[in-house]
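So this one's my_file.pdb, PDB, C-alpha atoms, pLDDT in the B column:
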ATOM      1  CA  ASP P 811      26.370  90.248  29.239  1.00 71.00           C
ATOM      2  CA  LYS P 812      26.842  88.429  32.555  1.00 82.00           C
ATOM      3  CA  VAL P 813      24.025  86.037  33.338  1.00 92.00           C
ATOM      4  CA  PRO P 814      23.865  83.831  36.429  1.00 95.00           C
ATOM      5  CA  SER P 815      22.495  80.320  36.439  1.00 97.00           C
ATOM      6  CA  MET P 816      18.802  80.528  37.256  1.00 97.00           C
ATOM      7  CA  ILE P 817      15.573  78.668  37.773  1.00 98.00           C
ATOM      8  CA  PHE P 818      12.276  79.968  36.384  1.00 98.00           C
ATOM      9  CA  TRP P 819       9.380  78.816  38.528  1.00 97.00           C
ATOM     10  CA  GLY P 820       5.888  79.462  37.256  1.00 96.00           C
ATOM     11  CA  PRO P 821       2.666  78.039  35.895  1.00 94.00           C
ATOM     12  CA  PRO P 822       2.357  76.603  32.381  1.00 92.00           C
ATOM     13  CA  GLY P 823       2.159  79.224  29.651  1.00 90.00           C
ATOM     14  CA  SER P 824       3.735  81.994  31.738  1.00 92.00           C
ATOM     15  CA  GLY P 825       6.747  82.448  29.426  1.00 92.00           C
ATOM     16  CA  LYS P 826       9.570  80.439  31.002  1.00 95.00           C
ATOM     17  CA  THR P 827      10.846  78.955  27.735  1.00 93.00           C
ATOM     18  CA  THR P 828      10.334  82.199  25.832  1.00 92.00           C
ATOM     19  CA  LEU P 829      12.332  84.100  28.435  1.00 95.00           C
ATOM     20  CA  ALA P 830      15.182  81.579  28.161  1.00 94.00           C
ATOM     21  CA  TYR P 831      15.269  82.048  24.357  1.00 91.00           C
ATOM     22  CA  ILE P 832      15.397  85.825  24.777  1.00 93.00           C
ATOM     23  CA  ILE P 833      18.278  85.619  27.260  1.00 93.00           C
ATOM     24  CA  ALA P 834      20.262  83.312  24.984  1.00 88.00           C
ATOM     25  CA  LYS P 835      19.726  85.570  21.994  1.00 89.00           C
ATOM     26  CA  LYS P 836      20.664  88.743  23.871  1.00 92.00           C
ATOM     27  CA  THR P 837      23.811  87.224  25.370  1.00 90.00           C
ATOM     28  CA  LYS P 838      25.034  85.750  22.074  1.00 84.00           C
ATOM     29  CA  SER P 839      25.553  82.415  23.806  1.00 89.00           C
ATOM     30  CA  GLU P 840      25.403  78.919  22.386  1.00 92.00           C
ATOM     31  CA  PHE P 841      21.902  77.746  23.343  1.00 93.00           C
ATOM     32  CA  LYS P 842      21.247  74.110  24.163  1.00 95.00           C
ATOM     33  CA  GLN P 843      17.775  72.967  25.136  1.00 95.00           C
ATOM     34  CA  ILE P 844      16.656  69.661  26.582  1.00 95.00           C
ATOM     35  CA  SER P 845      13.548  68.419  28.299  1.00 93.00           C
ATOM     36  CA  ALA P 846      13.969  66.536  31.545  1.00 91.00           C
ATOM     37  CA  VAL P 847      10.965  64.436  30.536  1.00 91.00           C
ATOM     38  CA  SER P 848      12.641  62.931  27.464  1.00 91.00           C
ATOM     39  CA  SER P 849      16.374  63.141  28.182  1.00 89.00           C
ATOM     40  CA  GLY P 850      18.853  61.811  30.672  1.00 83.00           C
ATOM     41  CA  LEU P 851      22.535  61.687  31.613  1.00 86.00           C
ATOM     42  CA  LYS P 852      23.608  60.425  28.182  1.00 90.00           C
ATOM     43  CA  ASP P 853      22.094  63.496  26.461  1.00 92.00           C
ATOM     44  CA  LEU P 854      23.507  65.740  29.157  1.00 91.00           C
ATOM     45  CA  ARG P 855      27.050  64.355  28.743  1.00 92.00           C
ATOM     46  CA  VAL P 856      27.054  65.209  25.021  1.00 94.00           C
ATOM     47  CA  ILE P 857      25.979  68.795  25.732  1.00 95.00           C
ATOM     48  CA  LEU P 858      28.465  69.174  28.595  1.00 94.00           C
ATOM     49  CA  ALA P 859      31.337  67.983  26.380  1.00 95.00           C
ATOM     50  CA  GLU P 860      30.369  70.594  23.774  1.00 96.00           C
ATOM     51  CA  ALA P 861      30.112  73.238  26.500  1.00 96.00           C
ATOM     52  CA  GLU P 862      33.603  72.416  27.787  1.00 95.00           C
ATOM     53  CA  ALA P 863      34.980  72.750  24.222  1.00 96.00           C
ATOM     54  CA  ASN P 864      33.109  76.055  23.804  1.00 95.00           C
ATOM     55  CA  LYS P 865      34.590  77.324  27.074  1.00 95.00           C
ATOM     56  CA  ARG P 866      38.112  76.702  25.748  1.00 95.00           C
ATOM     57  CA  LEU P 867      37.178  78.772  22.674  1.00 95.00           C
ATOM     58  CA  GLY P 868      35.729  81.581  24.801  1.00 93.00           C
ATOM     59  CA  ILE P 869      32.114  80.806  23.857  1.00 92.00           C
ATOM     60  CA  LYS P 870      29.436  80.793  26.552  1.00 92.00           C
ATOM     61  CA  THR P 871      26.887  77.984  26.619  1.00 95.00           C
ATOM     62  CA  ILE P 872      23.417  78.367  28.072  1.00 95.00           C
ATOM     63  CA  LEU P 873      21.790  75.049  28.907  1.00 96.00           C
ATOM     64  CA  PHE P 874      18.013  75.290  29.184  1.00 97.00           C
ATOM     65  CA  ILE P 875      16.382  72.338  30.943  1.00 96.00           C
ATOM     66  CA  ASP P 876      12.606  72.304  30.741  1.00 96.00           C
ATOM     67  CA  GLU P 877      10.808  70.497  33.587  1.00 95.00           C
ATOM     68  CA  ILE P 878      14.066  70.290  35.574  1.00 96.00           C
ATOM     69  CA  HIS P 879      12.123  69.061  38.606  1.00 95.00           C
ATOM     70  CA  ARG P 880      11.635  65.723  36.816  1.00 94.00           C
ATOM     71  CA  TRP P 881      15.341  64.901  36.955  1.00 93.00           C
ATOM     72  CA  ASN P 882      16.539  62.796  39.858  1.00 92.00           C
ATOM     73  CA  LYS P 883      19.252  63.798  42.333  1.00 92.00           C
ATOM     74  CA  SER P 884      22.173  62.250  40.399  1.00 90.00           C
ATOM     75  CA  GLN P 885      21.061  63.876  37.142  1.00 91.00           C
ATOM     76  CA  GLN P 886      20.842  67.277  38.849  1.00 94.00           C
ATOM     77  CA  ASP P 887      24.145  66.728  40.667  1.00 94.00           C
ATOM     78  CA  ALA P 888      25.886  66.066  37.322  1.00 93.00           C
ATOM     79  CA  LEU P 889      25.373  69.741  36.462  1.00 95.00           C
ATOM     80  CA  LEU P 890      27.236  71.088  39.501  1.00 96.00           C
ATOM     81  CA  PRO P 891      30.899  70.920  38.389  1.00 96.00           C
ATOM     82  CA  HIS P 892      30.055  72.426  35.008  1.00 96.00           C
ATOM     83  CA  ILE P 893      28.199  75.347  36.574  1.00 96.00           C
ATOM     84  CA  GLU P 894      31.058  75.800  39.056  1.00 95.00           C
ATOM     85  CA  ASN P 895      33.780  75.894  36.392  1.00 95.00           C
ATOM     86  CA  GLY P 896      31.773  78.199  34.120  1.00 94.00           C
ATOM     87  CA  ALA P 897      31.283  75.744  31.252  1.00 95.00           C
ATOM     88  CA  ILE P 898      27.508  76.248  31.349  1.00 96.00           C
ATOM     89  CA  ILE P 899      25.004  78.783  32.489  1.00 96.00           C
ATOM     90  CA  LEU P 900      21.979  76.793  33.572  1.00 97.00           C
ATOM     91  CA  ILE P 901      18.437  77.996  33.033  1.00 98.00           C
ATOM     92  CA  GLY P 902      15.987  75.519  34.497  1.00 97.00           C
ATOM     93  CA  ALA P 903      12.220  75.777  34.140  1.00 97.00           C
ATOM     94  CA  THR P 904       9.774  74.217  36.548  1.00 97.00           C
ATOM     95  CA  THR P 905       6.124  74.367  37.487  1.00 96.00           C
ATOM     96  CA  GLU P 906       6.941  72.909  40.916  1.00 96.00           C
ATOM     97  CA  ASN P 907       8.391  74.678  43.940  1.00 97.00           C
ATOM     98  CA  PRO P 908      12.174  74.433  43.384  1.00 96.00           C
ATOM     99  CA  SER P 909      12.802  74.413  47.155  1.00 95.00           C
ATOM    100  CA  PHE P 910      11.317  70.922  47.219  1.00 95.00           C
ATOM    101  CA  GLU P 911      12.131  69.620  43.728  1.00 94.00           C
ATOM    102  CA  VAL P 912      15.644  70.907  42.944  1.00 96.00           C
ATOM    103  CA  VAL P 913      18.583  69.592  44.970  1.00 96.00           C
ATOM    104  CA  GLY P 914      20.036  72.043  47.496  1.00 96.00           C
ATOM    105  CA  PRO P 915      23.553  72.324  46.024  1.00 96.00           C
ATOM    106  CA  LEU P 916      22.127  73.151  42.599  1.00 96.00           C
ATOM    107  CA  LEU P 917      19.553  75.544  44.003  1.00 96.00           C
ATOM    108  CA  SER P 918      22.273  77.404  45.953  1.00 96.00           C
ATOM    109  CA  ARG P 919      24.108  78.105  42.686  1.00 96.00           C
ATOM    110  CA  CYS P 920      21.041  79.533  40.933  1.00 97.00           C
ATOM    111  CA  ARG P 921      18.868  82.587  41.247  1.00 97.00           C
ATOM    112  CA  VAL P 922      15.195  81.695  41.394  1.00 97.00           C
ATOM    113  CA  PHE P 923      12.722  83.847  39.489  1.00 97.00           C
ATOM    114  CA  VAL P 924       9.019  83.379  40.161  1.00 97.00           C
ATOM    115  CA  LEU P 925       6.762  83.923  37.156  1.00 96.00           C
ATOM    116  CA  LYS P 926       3.048  84.386  37.617  1.00 95.00           C
ATOM    117  CA  GLN P 927       0.027  83.682  35.442  1.00 92.00           C
ATOM    118  CA  LEU P 928      -0.249  86.240  32.686  1.00 92.00           C
ATOM    119  CA  ALA P 929      -2.641  89.067  33.475  1.00 94.00           C
ATOM    120  CA  LYS P 930      -5.543  89.688  31.124  1.00 95.00           C
ATOM    121  CA  PRO P 931      -4.034  92.814  29.462  1.00 96.00           C
ATOM    122  CA  TYR P 932      -0.926  90.816  28.470  1.00 95.00           C
ATOM    123  CA  LEU P 933      -2.997  87.934  27.132  1.00 95.00           C
ATOM    124  CA  LEU P 934      -5.043  90.404  25.069  1.00 97.00           C
ATOM    125  CA  LYS P 935      -1.826  91.806  23.623  1.00 97.00           C
ATOM    126  CA  ILE P 936      -0.518  88.314  22.772  1.00 96.00           C
ATOM    127  CA  ILE P 937      -3.791  87.292  21.118  1.00 97.00           C
ATOM    128  CA  LYS P 938      -4.005  90.526  19.091  1.00 97.00           C
ATOM    129  CA  ARG P 939      -0.393  90.155  17.987  1.00 97.00           C
ATOM    130  CA  ALA P 940      -1.114  86.600  16.807  1.00 96.00           C
ATOM    131  CA  LEU P 941      -4.125  87.861  14.853  1.00 96.00           C
ATOM    132  CA  GLU P 942      -2.137  90.678  13.209  1.00 96.00           C
ATOM    133  CA  ASP P 943       1.201  89.003  12.455  1.00 95.00           C
ATOM    134  CA  LYS P 944       1.171  87.878   8.823  1.00 94.00           C
ATOM    135  CA  GLU P 945       4.445  85.921   8.998  1.00 94.00           C
ATOM    136  CA  LYS P 946       4.379  84.073  12.316  1.00 93.00           C
ATOM    137  CA  GLY P 947       0.736  84.475  13.241  1.00 94.00           C
ATOM    138  CA  LEU P 948      -2.713  84.316  11.701  1.00 95.00           C
ATOM    139  CA  GLY P 949      -2.727  87.783  10.097  1.00 93.00           C
ATOM    140  CA  ALA P 950      -2.737  86.533   6.512  1.00 94.00           C
ATOM    141  CA  LEU P 951      -6.050  84.676   7.025  1.00 94.00           C
ATOM    142  CA  LYS P 952      -8.364  87.732   7.227  1.00 89.00           C
ATOM    143  CA  ILE P 953     -10.079  86.557  10.391  1.00 95.00           C
ATOM    144  CA  LYS P 954     -13.288  88.247  11.531  1.00 96.00           C
ATOM    145  CA  ILE P 955     -13.208  88.584  15.307  1.00 97.00           C
ATOM    146  CA  ASN P 956     -14.361  91.361  17.621  1.00 96.00           C
ATOM    147  CA  ASP P 957     -12.867  92.644  20.878  1.00 96.00           C
ATOM    148  CA  LYS P 958     -15.550  90.920  22.940  1.00 97.00           C
ATOM    149  CA  ILE P 959     -14.477  87.519  21.555  1.00 97.00           C
ATOM    150  CA  ILE P 960     -10.785  88.327  22.092  1.00 97.00           C
ATOM    151  CA  LYS P 961     -11.595  89.151  25.741  1.00 97.00           C
ATOM    152  CA  LEU P 962     -13.473  85.857  26.038  1.00 97.00           C
ATOM    153  CA  ILE P 963     -10.381  83.972  24.858  1.00 97.00           C
ATOM    154  CA  ALA P 964      -8.232  85.798  27.427  1.00 96.00           C
ATOM    155  CA  GLU P 965     -10.689  85.041  30.231  1.00 95.00           C
ATOM    156  CA  MET P 966     -11.097  81.373  29.356  1.00 96.00           C
ATOM    157  CA  SER P 967      -7.352  80.715  29.069  1.00 94.00           C
ATOM    158  CA  ASN P 968      -6.799  81.327  32.793  1.00 91.00           C
ATOM    159  CA  GLY P 969      -3.488  83.200  32.428  1.00 92.00           C
ATOM    160  CA  ASP P 970      -1.923  80.648  30.059  1.00 93.00           C
ATOM    161  CA  ALA P 971      -0.762  82.098  26.724  1.00 93.00           C
ATOM    162  CA  ARG P 972      -0.239  78.653  25.219  1.00 92.00           C
ATOM    163  CA  ILE P 973      -3.860  77.698  25.918  1.00 94.00           C
ATOM    164  CA  ALA P 974      -5.120  81.008  24.504  1.00 95.00           C
ATOM    165  CA  LEU P 975      -3.132  80.618  21.284  1.00 95.00           C
ATOM    166  CA  GLY P 976      -4.007  76.934  20.942  1.00 94.00           C
ATOM    167  CA  ALA P 977      -7.723  77.658  21.278  1.00 95.00           C
ATOM    168  CA  LEU P 978      -7.483  80.541  18.811  1.00 96.00           C
ATOM    169  CA  GLU P 979      -5.638  78.363  16.303  1.00 95.00           C
ATOM    170  CA  TYR P 980      -8.234  75.609  16.630  1.00 95.00           C
ATOM    171  CA  ALA P 981     -11.088  78.105  16.296  1.00 95.00           C
ATOM    172  CA  VAL P 982      -9.559  79.467  13.083  1.00 95.00           C
ATOM    173  CA  SER P 983      -9.310  75.917  11.725  1.00 94.00           C
ATOM    174  CA  LEU P 984     -13.106  75.753  12.090  1.00 94.00           C
ATOM    175  CA  SER P 985     -13.945  79.175  10.643  1.00 94.00           C
ATOM    176  CA  THR P 986     -12.403  82.562   9.871  1.00 93.00           C
ATOM    177  CA  ASN P 987     -15.552  84.192  11.285  1.00 96.00           C
ATOM    178  CA  ILE P 988     -14.950  83.636  14.987  1.00 96.00           C
ATOM    179  CA  THR P 989     -17.993  83.611  17.290  1.00 96.00           C
ATOM    180  CA  ALA P 990     -18.390  82.914  21.010  1.00 95.00           C
ATOM    181  CA  ASP P 991     -19.759  79.441  20.215  1.00 95.00           C
ATOM    182  CA  ILE P 992     -16.697  78.608  18.108  1.00 95.00           C
ATOM    183  CA  ILE P 993     -14.400  79.777  20.915  1.00 96.00           C
ATOM    184  CA  LYS P 994     -16.264  77.680  23.486  1.00 94.00           C
ATOM    185  CA  GLU P 995     -15.952  74.638  21.225  1.00 93.00           C
ATOM    186  CA  ALA P 996     -12.258  75.369  20.676  1.00 94.00           C
ATOM    187  CA  PHE P 997     -11.611  75.419  24.419  1.00 93.00           C
ATOM    188  CA  GLN P 998     -13.293  72.034  24.783  1.00 89.00           C
ATOM    189  CA  LYS P 999     -11.224  70.527  21.954  1.00 70.00           C
ATOM    190  CA  SER P1000      -7.822  72.168  22.356  1.00 55.00           C
TER     191      SER P1000
END
If you convert what's in this file into structure tokens, what do you get?
Amino acid sequence: DKVPSMIFWGPPGSGKTTLAYIIAKKTKSEFKQISAVSSGLKDLRVILAEAEANKRLGIKTILFIDEIHRWNKSQQDALLPHIENGAIILIGATTENPSFEVVGPLLSRCRVFVLKQLAKPYLLKIIKRALEDKEKGLGALKIKINDKIIKLIAEMSNGDARIALGALEYAVSLSTNITADIIKEAFQKS
């Protein structure tokens, strides 16, 4: 149950956010998520105050920052004392090389994990799971789709699960009888 601070570096749709959720759930930590695109030091201060209070109560706090490379030096530096004193475990996600986009002191306190585009077999599995899952997926809709079309979705999504699922969802909004033409249209629109 010991998790270091870390940076996930990988292309869009490779599972960075999903992996952060899994880690938080498995470690039974308080999970705080912010996006560097839409938040700043004010938002960070509120979370850090909560994390310090949690630390006094013996509760771990994982802070997930999506697009961490978009924060400036002072915003990134504000994390340092709280990582050092154990108030937060940082999980940052970035599509940019952290060696150039994350400040050195912060980078030296984190393990960097490189995620790659999803391989076709994994995309096929994700798409099939979405088609079968009746609660969280599209399984309740009785969709007609063959393996050739599922493979087409995987190929056209270029290793990005989010694109594959978005195109599938759009295609299903057009018809429950999915054809190659519908998929091609969905990729143009999604």
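Using all atoms listed in the file, the shortest contact distance between Ala977 in chain P and any of P:Leu858, P:Ala830, P:Ile878, P:Ile992 is found at P:Ile992.
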Selection: 6 Å around range 917-928 of chain P, only C-alpha atoms, excl. self and same-chain fewer than 5 positions, as a PDB file with C-alpha atoms, in the coordinates of the input:
ATOM      1  CA  SER P 815      22.495  80.320  36.439  1.00 97.00           C
ATOM      2  CA  MET P 816      18.802  80.528  37.256  1.00 97.00           C
ATOM      3  CA  ILE P 817      15.573  78.668  37.773  1.00 98.00           C
ATOM      4  CA  PHE P 818      12.276  79.968  36.384  1.00 98.00           C
ATOM      5  CA  TRP P 819       9.380  78.816  38.528  1.00 97.00           C
ATOM      6  CA  GLY P 820       5.888  79.462  37.256  1.00 96.00           C
ATOM      7  CA  SER P 824       3.735  81.994  31.738  1.00 92.00           C
ATOM      8  CA  GLY P 969      -3.488  83.200  32.428  1.00 92.00           C
TER       9      GLY P 969
END
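Candidate residues P:Ala929, P:Leu873, P:Ile898, P:Val856 were compared for distance to Lys842 in chain P, and the nearest is P:Leu873, using all atoms listed in the file.
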Report task. Write out as a PyMOL selection string which residues come within 12 Å of Ser884 in chain P when counting all atoms listed in the file, dropping same-chain ones fewer than 2 positions away. Result -> chain P and resi 850-851+854+880-882+886-890+912-913+915-916
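Remark: for Gln885 in chain P, the closest of the candidate residues P:Ile833, P:Ala846, P:Ala903, P:Ile857 is P:Ala846 (distances computed over only C-alpha atoms).
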Query raised in the report: Quick one: distance from CA of Asn968 in chain P to CA of Ile988 in chain P in Å, one decimal?
Result: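 Straight-line distance from CA of Asn968 in chain P to CA of Ile988 in chain P works out to 19.7 Å.
Distances to Gly947 in chain P were evaluated for P:Ala861, P:Val813, P:Val982, P:Leu900 using all atoms listed in the file, and the minimum falls at P:Val982.
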Requested in this report: Would you list the contacts of range 953-957 of chain P as a list in words, taking every protein, DNA or RNA residue within 9 Å and counting only C-alpha atoms, but skipping same-chain residues closer than 5 positions in sequence?
Outcome: Leu941, Leu948, Leu962, Val982, Ser985, Thr986, Asn987, Ile988 and Thr989 of chain P
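Neighbours of range 863-866 of chain P closer than or equal to 8 Å, with all atoms listed in the file counted and sequence neighbours fewer than 4 positions away skipped, come out as Ala859, Lys870, Thr871, Gly896 and Ala897 of chain P.
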Query raised in the report: How many Å separate CA of Pro822 in chain P from CA of Lys930 in chain P?
Result: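 So the two atoms, CA of Pro822 in chain P and CA of Lys930 in chain P, lie 15.3 Å apart.
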Requested in this report: Considering all atoms listed in the file, state which residue in the set P:Ile872, P:Leu951, P:Ile937, P:Ile963 is at the smallest distance from Ile832 in chain P.
Outcome: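 Of all the options, P:Ile872 lies closest to Ile832 in chain P.
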Query raised in the report: Between CA of Thr904 in chain P and CA of Ile993 in chain P, what is the spacing in Å?
Result: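 Here the two named atoms are 29.3 Å from each other.
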Quick one: apply the PyMOL selection byres ((chain P and resi 971) around 7) to the file and drop the selected residues here as a PDB file with C-alpha atoms, keeping the file's coordinate frame.
ATOM      1  CA  GLY P 823       2.159  79.224  29.651  1.00 90.00           C
ATOM      2  CA  SER P 824       3.735  81.994  31.738  1.00 92.00           C
ATOM      3  CA  LEU P 933      -2.997  87.934  27.132  1.00 95.00           C
ATOM      4  CA  GLY P 969      -3.488  83.200  32.428  1.00 92.00           C
ATOM      5  CA  ASP P 970      -1.923  80.648  30.059  1.00 93.00           C
ATOM      6  CA  ARG P 972      -0.239  78.653  25.219  1.00 92.00           C
ATOM      7  CA  ILE P 973      -3.860  77.698  25.918  1.00 94.00           C
ATOM      8  CA  ALA P 974      -5.120  81.008  24.504  1.00 95.00           C
ATOM      9  CA  LEU P 975      -3.132  80.618  21.284  1.00 95.00           C
TER      10      LEU P 975
END
Query raised in the report: Hey, what's within 7 Å of Glu911 in chain P if we count all atoms listed in the file and toss same-chain stuff fewer than 4 positions away? As a PyMOL selection string, please?
Result: chain P and resi 879+906-907
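Counting all atoms listed in the file and comparing P:Ile960, P:Ile844, P:Met966, P:Ala990, the residue that lies closest to Ala940 in chain P is P:Ile960.
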Six-sided padding of 4 Å per side, axis-aligned box over range 888-898 of chain P, centre and edges in Å, one decimal, as JSON:
{"center_x": 29.6, "center_y": 72.1, "center_z": 35.4, "size_x": 16.4, "size_y": 20.1, "size_z": 16.2}
Can you complete the atoms of range 857-866 of chain P to all heavy atoms and list them as a tab-separated table (two decimals), in the coordinates of the input?
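Written output follows (selection-v6.tsv):
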chain	number	residue	atom	x	y	z
P	857	ILE	N	26.06	67.33	25.65
P	857	ILE	CA	25.98	68.80	25.73
P	857	ILE	C	27.10	69.35	26.59
P	857	ILE	O	27.73	70.36	26.23
P	857	ILE	CB	24.60	69.23	26.27
P	857	ILE	CG1	23.52	68.92	25.23
P	857	ILE	CG2	24.60	70.71	26.63
P	857	ILE	CD1	22.10	69.09	25.73
P	858	LEU	N	27.41	68.69	27.71
P	858	LEU	CA	28.46	69.17	28.60
P	858	LEU	C	29.84	69.10	27.93
P	858	LEU	O	30.67	70.00	28.12
P	858	LEU	CB	28.46	68.40	29.91
P	858	LEU	CG	27.21	68.63	30.79
P	858	LEU	CD1	27.24	67.72	32.01
P	858	LEU	CD2	27.07	70.09	31.18
P	859	ALA	N	30.07	68.08	27.12
P	859	ALA	CA	31.34	67.98	26.38
P	859	ALA	C	31.46	69.15	25.39
P	859	ALA	O	32.53	69.76	25.26
P	859	ALA	CB	31.43	66.64	25.66
P	860	GLU	N	30.37	69.45	24.70
P	860	GLU	CA	30.37	70.59	23.77
P	860	GLU	C	30.59	71.90	24.53
P	860	GLU	O	31.32	72.79	24.07
P	860	GLU	CB	29.04	70.67	23.01
P	860	GLU	CG	28.84	69.55	22.01
P	860	GLU	CD	27.45	69.56	21.39
P	860	GLU	OE1	26.74	70.59	21.48
P	860	GLU	OE2	27.05	68.53	20.81
P	861	ALA	N	29.97	72.02	25.70
P	861	ALA	CA	30.11	73.24	26.50
P	861	ALA	C	31.55	73.44	26.97
P	861	ALA	O	32.07	74.56	26.98
P	861	ALA	CB	29.16	73.20	27.69
P	862	GLU	N	32.20	72.33	27.36
P	862	GLU	CA	33.60	72.42	27.79
P	862	GLU	C	34.49	72.86	26.62
P	862	GLU	O	35.38	73.68	26.79
P	862	GLU	CB	34.08	71.07	28.35
P	862	GLU	CG	33.44	70.66	29.66
P	862	GLU	CD	33.87	71.48	30.87
P	862	GLU	OE1	34.88	72.22	30.79
P	862	GLU	OE2	33.19	71.39	31.90
P	863	ALA	N	34.22	72.34	25.41
P	863	ALA	CA	34.98	72.75	24.22
P	863	ALA	C	34.72	74.22	23.91
P	863	ALA	O	35.64	74.97	23.58
P	863	ALA	CB	34.60	71.87	23.03
P	864	ASN	N	33.46	74.64	24.02
P	864	ASN	CA	33.11	76.06	23.80
P	864	ASN	C	33.85	76.96	24.79
P	864	ASN	O	34.33	78.03	24.42
P	864	ASN	CB	31.60	76.28	23.95
P	864	ASN	CG	30.82	75.83	22.74
P	864	ASN	OD1	31.37	75.57	21.68
P	864	ASN	ND2	29.51	75.71	22.92
P	865	LYS	N	33.92	76.52	26.04
P	865	LYS	CA	34.59	77.32	27.07
P	865	LYS	C	36.05	77.58	26.69
P	865	LYS	O	36.55	78.69	26.82
P	865	LYS	CB	34.50	76.61	28.42
P	865	LYS	CG	35.13	77.39	29.55
P	865	LYS	CD	35.10	76.61	30.85
P	865	LYS	CE	35.92	77.36	31.88
P	865	LYS	NZ	36.36	76.50	32.96
P	866	ARG	N	36.71	76.54	26.17
P	866	ARG	CA	38.11	76.70	25.75
P	866	ARG	C	38.25	77.70	24.60
P	866	ARG	O	39.29	78.33	24.43
P	866	ARG	CB	38.71	75.35	25.37
P	866	ARG	CG	38.95	74.44	26.57
P	866	ARG	CD	39.74	73.19	26.22
P	866	ARG	NE	38.98	72.23	25.44
P	866	ARG	CZ	38.14	71.34	25.93
P	866	ARG	NH1	37.94	71.28	27.22
P	866	ARG	NH2	37.50	70.49	25.15
